[in-house]
Amino acid sequence: MSTPRITSLALLTPGNFADDDPYTGLEETLRLFAYGERLGFDGAWIRQRHLEHGVGSAAVFLAAAGQRTERIELGTAVIPIGYESPFRLAEDLALADVLSRGRLQIGFSTGMPHADLLGDLVYDGDWRGFDLSYGRIARVLDHLRGDYLGAPDTVIHSPGNRQRPRLQPHNPGLARRIWYGGGSLRSARWAAGNGLSLLSGNIITGEGTDDFTTAQLNLLAEYRRALSPTGSDRPARVALGRVIVPLDSADAAGRARYRAYAASRHARTLAPQGPKRTLFAPDLVGTAEQILERLVADPVLAEVSELRLELPYEFRREEYEQILHDVRHLIAPELGWRPSVAAAREALR
């Protein structure tokens, strides 16, 4: 069995907040991004969630996070494309990327969670006939690439300015930093065929197997088979997500809380769930030594070089910081990870 060797370490947080005090929760999530940067993490990612106590607009949140951080990659995992206007979303992402000096990593998914409640509110018409799947993501990519609109001689005028129209601000690099959160073999093929990097976490579709590990290995193999043999100007990346909760520096109450959280989610890992046969990976909760033993034995981790730490829902910032601290100091170095030169210098300041 191959030994895992992680070269990039990122965190993914849900961005929780209380119903009667959203500011405090969002502010603490911004502080968590800054804390992750100080620890030396390479990336910090936010979930986008609608109708829930979480971030409804990843672009807006990352624009703020870009002003609180200097080096760390800023990611979305993931934006459900069904609720988005491709051109307007591309504008927001491009603006946030420029404000962060080119640090955004944008993850997409298809689907529309809570569509029965939100579909008619988002669209002024029968949205059920629209392309809300891969084609809508492709339209965002087209806009980010900055193709000019209209005929070759089309220009627009504004006070003191005359120019050919295209999405502004235009940063050609952003179109090369797009990811897809793939859970099925079909989605892996589409992402690879369109030159997108791949996010694969602790949820996957069971296609031909009831075993999570086998399904995820098949997904990675399918993605790599479907990559263009001619390559691109930027190699595709693959990032693996795992819920990892070390107990080493947690107090007794924290340890009990972490174990109860994992236990409440364990039943879903025992068999495929629902008509789509969704498979779930168990949360990794224990001492750093116990977690490392399981990670080293994970054949999927040996297939990737980027690990994304998926933080549990509804925990406090202090608990998240303890998890990040223990992973950074007790687990990631044993998997071969080292902070970048810039991160190491920052930690010494």
# chains A, B, ... in the order shown; residues from 1 in each chain; ligands from 1
>>> select_by_dssp(residues="range 49-99 of chain A", states="helix (DSSP H, G or I)", output="list in words")
Ala58, Ala59, Val60, Phe61, Leu62, Ala63, Ala64, Ala65, Gly66, Gln67, Arg68, Ile81, Gly82, Tyr83, Pro86, Phe87, Arg88, Leu89, Ala90, Glu91, Asp92, Leu93, Ala94, Leu95, Ala96, Asp97, Val98 and Leu99 of chain A
>>> select_by_dssp(residues="range 133-338 of chain A", states="strand (DSSP E or B)", output="PyMOL selection string")
chain A and resi 156-158+161-163+178-181+197-200+203-205+238-242+244-246+273+278-280+284-286+306-310
>>> atom_distance(atom1="CA of Glu70 in chain A", atom2="CA of Glu37 in chain A")
8.2 Å
>>> closest_atom_pairs(of="range 65-165 of chain A", to="range 5-12 of chain A", cutoff="12 Å", atoms="only C-alpha atoms", output="CSV")
residue,atom,partner,partner_atom,distance
A:Ile72,CA,A:Ala10,CA,9.0
A:Glu73,CA,A:Ala10,CA,8.4
A:Leu74,CA,A:Ala10,CA,9.4
A:Gly75,CA,A:Leu12,CA,8.4
A:Thr76,CA,A:Leu12,CA,8.6
A:Ala77,CA,A:Leu12,CA,7.6
A:Val78,CA,A:Leu12,CA,10.3
A:Gln105,CA,A:Ala10,CA,11.5
A:Gly107,CA,A:Leu12,CA,11.8
>>> residues_around(residues="range 167-175 of chain A", least_positions_apart="3", cutoff="8 Å", atoms="only C-alpha atoms", output="PyMOL selection string")
chain A and resi 87+90-91+94-95+97-98+102+104-105+141+143-148+178
>>> write_last_selection(atoms="C-alpha atoms", output="compact mmCIF listing (two decimals), in the first residue's frame")
# COMPACT_ATOMS: atom_id res chain seq x y z
CA PHE A 87 -23.25 36.14 -15.98
CA ALA A 90 -19.27 35.40 -12.89
CA GLU A 91 -19.21 39.16 -12.23
CA ALA A 94 -14.38 38.01 -10.74
CA LEU A 95 -14.68 41.05 -8.46
CA ASP A 97 -10.99 37.39 -7.03
CA VAL A 98 -9.44 40.72 -7.98
CA GLY A 102 -6.15 36.14 -7.46
CA LEU A 104 -10.14 32.33 -5.29
CA GLN A 105 -10.75 28.62 -5.97
CA LEU A 141 -16.74 29.46 -17.41
CA HIS A 143 -17.99 34.45 -19.09
CA LEU A 144 -14.91 34.15 -16.88
CA ARG A 145 -12.74 33.55 -19.93
CA GLY A 146 -13.64 37.06 -21.00
CA ASP A 147 -14.92 36.63 -24.55
CA TYR A 148 -16.09 39.92 -26.02
CA ILE A 178 -12.56 26.14 -11.18
>>> closest_atom_pairs(of="range 112-205 of chain A", to="range 266-280 of chain A", cutoff="9 Å", atoms="only C-alpha atoms", output="CSV")
residue,atom,partner,partner_atom,distance
A:Gly183,CA,A:Thr278,CA,8.8
A:Asn202,CA,A:Phe280,CA,5.6
A:Ile203,CA,A:Phe280,CA,4.8
A:Ile204,CA,A:Leu279,CA,5.3
A:Thr205,CA,A:Thr278,CA,4.6
>>> write_last_selection(atoms="C-alpha atoms", output="compact mmCIF listing (two decimals), in the first residue's frame")
# COMPACT_ATOMS: atom_id res chain seq x y z
CA GLY A 183 -20.12 12.38 -6.49
CA ASN A 202 -17.23 12.12 2.42
CA ILE A 203 -20.37 11.65 0.28
CA ILE A 204 -20.46 9.67 -2.96
CA THR A 205 -22.87 7.71 -5.13
>>> residues_around(residues="Asp92 in chain A", least_positions_apart="3", cutoff="8 Å", atoms="only C-alpha atoms", output="list in words")
Ala59, Val60, Arg88, Leu89, Leu95 and Ala96 of chain A
>>> write_last_selection(atoms="N, CA and C atoms", output="compact mmCIF listing (two decimals), in the first residue's frame")
# COMPACT_ATOMS: atom_id res chain seq x y z
N ALA A 59 -19.47 34.29 -2.84
CA ALA A 59 -18.69 35.38 -3.42
C ALA A 59 -18.60 36.56 -2.47
N VAL A 60 -19.71 36.92 -1.84
CA VAL A 60 -19.70 38.04 -0.90
C VAL A 60 -18.81 37.71 0.30
N ARG A 88 -24.16 37.06 -13.89
CA ARG A 88 -24.06 37.83 -12.66
C ARG A 88 -23.15 37.15 -11.64
N LEU A 89 -23.23 35.82 -11.58
CA LEU A 89 -22.34 35.11 -10.66
C LEU A 89 -20.88 35.29 -11.10
N LEU A 95 -14.97 39.91 -9.33
CA LEU A 95 -14.68 41.05 -8.46
C LEU A 95 -14.02 40.58 -7.16
N ALA A 96 -14.58 39.53 -6.56
CA ALA A 96 -13.98 39.00 -5.32
C ALA A 96 -12.57 38.49 -5.57
>>> atom_distance(atom1="CA of Ser305 in chain A", atom2="CA of Ala63 in chain A")
27.3 Å
>>> residues_around(residues="Gly111 in chain A", least_positions_apart="2", cutoff="9 Å", atoms="only C-alpha atoms", output="ChimeraX atom specification")
/A:80-83,109,113,115,132-133
>>> write_last_selection(atoms="all heavy atoms", output="JSON list (two decimals), in the first residue's frame")
[["chain", "number", "residue", "atom", "x", "y", "z"],
["A", 80, "PRO", "N", -24.22, 25.65, -5.56],
["A", 80, "PRO", "CA", -25.21, 24.94, -6.39],
["A", 80, "PRO", "C", -25.63, 25.83, -7.56],
["A", 80, "PRO", "O", -26.21, 26.89, -7.37],
["A", 80, "PRO", "CB", -26.38, 24.69, -5.43],
["A", 80, "PRO", "CG", -25.84, 24.96, -4.06],
["A", 80, "PRO", "CD", -24.75, 25.97, -4.23],
["A", 81, "ILE", "N", -25.31, 25.40, -8.76],
["A", 81, "ILE", "CA", -25.45, 26.29, -9.92],
["A", 81, "ILE", "C", -26.90, 26.57, -10.29],
["A", 81, "ILE", "O", -27.20, 27.57, -10.94],
["A", 81, "ILE", "CB", -24.69, 25.69, -11.13],
["A", 81, "ILE", "CG1", -24.49, 26.74, -12.21],
["A", 81, "ILE", "CG2", -25.45, 24.47, -11.69],
["A", 81, "ILE", "CD1", -23.66, 27.93, -11.77],
["A", 82, "GLY", "N", -27.82, 25.72, -9.84],
["A", 82, "GLY", "CA", -29.21, 25.89, -10.26],
["A", 82, "GLY", "C", -29.85, 27.20, -9.82],
["A", 82, "GLY", "O", -30.83, 27.64, -10.43],
["A", 83, "TYR", "N", -29.33, 27.84, -8.78],
["A", 83, "TYR", "CA", -29.91, 29.09, -8.30],
["A", 83, "TYR", "C", -29.21, 30.32, -8.85],
["A", 83, "TYR", "O", -29.55, 31.44, -8.45],
["A", 83, "TYR", "CB", -29.86, 29.12, -6.77],
["A", 83, "TYR", "CG", -30.78, 28.14, -6.12],
["A", 83, "TYR", "CD1", -30.30, 27.18, -5.24],
["A", 83, "TYR", "CD2", -32.15, 28.15, -6.40],
["A", 83, "TYR", "CE1", -31.15, 26.26, -4.63],
["A", 83, "TYR", "CE2", -33.00, 27.23, -5.81],
["A", 83, "TYR", "CZ", -32.51, 26.30, -4.94],
["A", 83, "TYR", "OH", -33.36, 25.39, -4.35],
["A", 109, "SER", "N", -21.45, 22.74, -8.01],
["A", 109, "SER", "CA", -22.19, 21.48, -8.10],
["A", 109, "SER", "C", -23.47, 21.76, -8.87],
["A", 109, "SER", "O", -23.87, 22.91, -9.05],
["A", 109, "SER", "CB", -22.54, 20.94, -6.71],
["A", 109, "SER", "OG", -23.54, 21.75, -6.10],
["A", 113, "PRO", "N", -30.87, 22.29, -3.89],
["A", 113, "PRO", "CA", -31.44, 21.95, -2.58],
["A", 113, "PRO", "C", -32.60, 22.87, -2.24],
["A", 113, "PRO", "O", -32.55, 24.07, -2.50],
["A", 113, "PRO", "CB", -30.26, 22.18, -1.63],
["A", 113, "PRO", "CG", -29.03, 22.08, -2.49],
["A", 113, "PRO", "CD", -29.44, 22.61, -3.83],
["A", 115, "ALA", "N", -35.49, 23.02, -3.66],
["A", 115, "ALA", "CA", -36.07, 23.59, -4.88],
["A", 115, "ALA", "C", -37.57, 23.81, -4.77],
["A", 115, "ALA", "O", -38.11, 24.75, -5.37],
["A", 115, "ALA", "CB", -35.77, 22.67, -6.07],
["A", 132, "LEU", "N", -30.27, 23.53, -15.73],
["A", 132, "LEU", "CA", -29.74, 23.88, -14.42],
["A", 132, "LEU", "C", -28.61, 22.93, -14.02],
["A", 132, "LEU", "O", -28.29, 22.80, -12.84],
["A", 132, "LEU", "CB", -30.86, 23.84, -13.37],
["A", 132, "LEU", "CG", -32.06, 24.74, -13.68],
["A", 132, "LEU", "CD1", -33.16, 24.53, -12.65],
["A", 132, "LEU", "CD2", -31.64, 26.20, -13.73],
["A", 133, "SER", "N", -28.00, 22.31, -15.01],
["A", 133, "SER", "CA", -26.98, 21.31, -14.74],
["A", 133, "SER", "C", -25.63, 21.76, -15.29],
["A", 133, "SER", "O", -25.24, 22.92, -15.17],
["A", 133, "SER", "CB", -27.42, 19.97, -15.34],
["A", 133, "SER", "OG", -26.54, 18.93, -15.01]]
>>> closest_residue(among="A:Gly182, A:Tyr223, A:His157, A:Leu292", to="Glu334 in chain A", atoms="only C-alpha atoms")
A:Leu292
>>> closest_residue(among="A:Glu222, A:Glu306, A:Glu314, A:Asp210", to="Gly241 in chain A", atoms="only C-alpha atoms")
A:Glu306
>>> residues_around(residues="Leu284 in chain A", least_positions_apart="5", cutoff="12 Å", atoms="only C-alpha atoms", output="JSON, numbers by chain")
{"A": [202, 241, 242, 243, 244, 245, 246, 247, 258, 259, 261, 262, 263, 265, 266, 289, 290, 291, 292, 293, 294, 295, 298, 309, 310, 311, 312, 323, 327, 331]}
>>> write_last_selection(atoms="N, CA and C atoms", output="PDB file, in the first residue's frame")
ATOM      1  N   ASN A 202     -16.798  13.294   1.661  1.00  0.00           N
ATOM      2  CA  ASN A 202     -17.225  12.121   2.420  1.00  0.00           C
ATOM      3  C   ASN A 202     -18.607  11.630   2.005  1.00  0.00           C
ATOM      4  N   GLY A 241     -11.752  15.359   0.701  1.00  0.00           N
ATOM      5  CA  GLY A 241     -12.301  15.886   1.947  1.00  0.00           C
ATOM      6  C   GLY A 241     -12.587  14.786   2.947  1.00  0.00           C
ATOM      7  N   ARG A 242     -12.226  15.028   4.203  1.00  0.00           N
ATOM      8  CA  ARG A 242     -12.525  14.098   5.287  1.00  0.00           C
ATOM      9  C   ARG A 242     -12.880  14.895   6.547  1.00  0.00           C
ATOM     10  N   VAL A 243     -13.862  14.391   7.319  1.00  0.00           N
ATOM     11  CA  VAL A 243     -14.168  14.961   8.629  1.00  0.00           C
ATOM     12  C   VAL A 243     -13.181  14.347   9.617  1.00  0.00           C
ATOM     13  N   ILE A 244     -12.282  15.173  10.153  1.00  0.00           N
ATOM     14  CA  ILE A 244     -11.227  14.716  11.053  1.00  0.00           C
ATOM     15  C   ILE A 244     -11.314  15.533  12.339  1.00  0.00           C
ATOM     16  N   VAL A 245     -11.513  14.855  13.454  1.00  0.00           N
ATOM     17  CA  VAL A 245     -11.689  15.550  14.731  1.00  0.00           C
ATOM     18  C   VAL A 245     -10.755  14.929  15.765  1.00  0.00           C
ATOM     19  N   PRO A 246      -9.541  15.457  15.924  1.00  0.00           N
ATOM     20  CA  PRO A 246      -8.637  14.949  16.952  1.00  0.00           C
ATOM     21  C   PRO A 246      -9.041  15.436  18.342  1.00  0.00           C
ATOM     22  N   LEU A 247      -8.839  14.574  19.320  1.00  0.00           N
ATOM     23  CA  LEU A 247      -9.251  14.873  20.684  1.00  0.00           C
ATOM     24  C   LEU A 247      -8.115  15.357  21.571  1.00  0.00           C
ATOM     25  N   TYR A 258     -17.682  15.798  20.679  1.00  0.00           N
ATOM     26  CA  TYR A 258     -17.200  15.295  19.388  1.00  0.00           C
ATOM     27  C   TYR A 258     -17.647  13.850  19.162  1.00  0.00           C
ATOM     28  N   ARG A 259     -17.516  13.044  20.228  1.00  0.00           N
ATOM     29  CA  ARG A 259     -17.893  11.634  20.083  1.00  0.00           C
ATOM     30  C   ARG A 259     -19.399  11.490  19.842  1.00  0.00           C
ATOM     31  N   TYR A 261     -21.318  13.674  18.377  1.00  0.00           N
ATOM     32  CA  TYR A 261     -21.580  14.128  17.003  1.00  0.00           C
ATOM     33  C   TYR A 261     -21.323  13.002  16.008  1.00  0.00           C
ATOM     34  N   ALA A 262     -20.180  12.347  16.145  1.00  0.00           N
ATOM     35  CA  ALA A 262     -19.846  11.263  15.221  1.00  0.00           C
ATOM     36  C   ALA A 262     -20.826  10.099  15.367  1.00  0.00           C
ATOM     37  N   ALA A 263     -21.199   9.785  16.606  1.00  0.00           N
ATOM     38  CA  ALA A 263     -22.127   8.675  16.829  1.00  0.00           C
ATOM     39  C   ALA A 263     -23.485   8.948  16.194  1.00  0.00           C
ATOM     40  N   ARG A 265     -24.074  10.341  13.494  1.00  0.00           N
ATOM     41  CA  ARG A 265     -23.981  10.235  12.033  1.00  0.00           C
ATOM     42  C   ARG A 265     -23.495   8.860  11.574  1.00  0.00           C
ATOM     43  N   HIS A 266     -23.256   7.949  12.504  1.00  0.00           N
ATOM     44  CA  HIS A 266     -22.638   6.683  12.124  1.00  0.00           C
ATOM     45  C   HIS A 266     -23.585   5.767  11.347  1.00  0.00           C
ATOM     46  N   GLU A 289      -3.004   9.771  17.100  1.00  0.00           N
ATOM     47  CA  GLU A 289      -2.423   8.468  16.779  1.00  0.00           C
ATOM     48  C   GLU A 289      -3.465   7.546  16.156  1.00  0.00           C
ATOM     49  N   GLN A 290      -4.668   7.526  16.727  1.00  0.00           N
ATOM     50  CA  GLN A 290      -5.732   6.684  16.183  1.00  0.00           C
ATOM     51  C   GLN A 290      -6.158   7.145  14.788  1.00  0.00           C
ATOM     52  N   ILE A 291      -6.270   8.463  14.617  1.00  0.00           N
ATOM     53  CA  ILE A 291      -6.678   8.993  13.315  1.00  0.00           C
ATOM     54  C   ILE A 291      -5.620   8.718  12.267  1.00  0.00           C
ATOM     55  N   LEU A 292      -4.366   8.901  12.607  1.00  0.00           N
ATOM     56  CA  LEU A 292      -3.289   8.633  11.657  1.00  0.00           C
ATOM     57  C   LEU A 292      -3.294   7.180  11.206  1.00  0.00           C
ATOM     58  N   GLU A 293      -3.552   6.283  12.111  1.00  0.00           N
ATOM     59  CA  GLU A 293      -3.601   4.872  11.746  1.00  0.00           C
ATOM     60  C   GLU A 293      -4.653   4.622  10.673  1.00  0.00           C
ATOM     61  N   ARG A 294      -5.799   5.273  10.800  1.00  0.00           N
ATOM     62  CA  ARG A 294      -6.868   5.097   9.812  1.00  0.00           C
ATOM     63  C   ARG A 294      -6.555   5.816   8.507  1.00  0.00           C
ATOM     64  N   LEU A 295      -5.942   6.989   8.593  1.00  0.00           N
ATOM     65  CA  LEU A 295      -5.607   7.719   7.370  1.00  0.00           C
ATOM     66  C   LEU A 295      -4.530   7.003   6.565  1.00  0.00           C
ATOM     67  N   ASP A 298      -5.960   4.318   4.560  1.00  0.00           N
ATOM     68  CA  ASP A 298      -6.987   4.723   3.591  1.00  0.00           C
ATOM     69  C   ASP A 298      -6.378   4.736   2.198  1.00  0.00           C
ATOM     70  N   LEU A 309      -9.790  19.459   5.199  1.00  0.00           N
ATOM     71  CA  LEU A 309     -10.351  19.134   6.506  1.00  0.00           C
ATOM     72  C   LEU A 309     -11.766  19.695   6.586  1.00  0.00           C
ATOM     73  N   GLU A 310     -12.782  18.823   6.597  1.00  0.00           N
ATOM     74  CA  GLU A 310     -14.177  19.249   6.636  1.00  0.00           C
ATOM     75  C   GLU A 310     -14.609  19.366   8.100  1.00  0.00           C
ATOM     76  N   LEU A 311     -14.837  20.580   8.532  1.00  0.00           N
ATOM     77  CA  LEU A 311     -15.185  20.820   9.934  1.00  0.00           C
ATOM     78  C   LEU A 311     -16.651  20.479  10.196  1.00  0.00           C
ATOM     79  N   PRO A 312     -16.965  19.953  11.386  1.00  0.00           N
ATOM     80  CA  PRO A 312     -18.353  19.586  11.704  1.00  0.00           C
ATOM     81  C   PRO A 312     -19.261  20.814  11.749  1.00  0.00           C
ATOM     82  N   ILE A 323      -9.454  21.910  16.743  1.00  0.00           N
ATOM     83  CA  ILE A 323      -9.350  20.875  15.712  1.00  0.00           C
ATOM     84  C   ILE A 323      -8.258  21.249  14.705  1.00  0.00           C
ATOM     85  N   VAL A 327      -4.763  19.098  14.061  1.00  0.00           N
ATOM     86  CA  VAL A 327      -4.489  18.538  12.734  1.00  0.00           C
ATOM     87  C   VAL A 327      -3.194  19.100  12.175  1.00  0.00           C
ATOM     88  N   ILE A 331      -1.113  15.779  13.049  1.00  0.00           N
ATOM     89  CA  ILE A 331      -1.537  14.837  12.013  1.00  0.00           C
ATOM     90  C   ILE A 331      -0.909  15.154  10.654  1.00  0.00           C
TER      91      ILE A 331
END
>>> closest_residue(among="A:Leu219, A:Leu32, A:Ala18, A:Leu93", to="Trp45 in chain A", atoms="only C-alpha atoms")
A:Leu32
>>> closest_residue(among="A:Glu84, A:Thr287, A:Ser100, A:Arg49", to="Ala64 in chain A", atoms="only C-alpha atoms")
A:Ser100
>>> residues_around(residues="range 187-199 of chain A", least_positions_apart="5", cutoff="6 Å", atoms="only C-alpha atoms", output="list in words")
Ile178, Trp179, Tyr180, Gly181, Gly182, Tyr223, Ala226, Leu227, Ala236, Arg237, Val238 and Ala239 of chain A
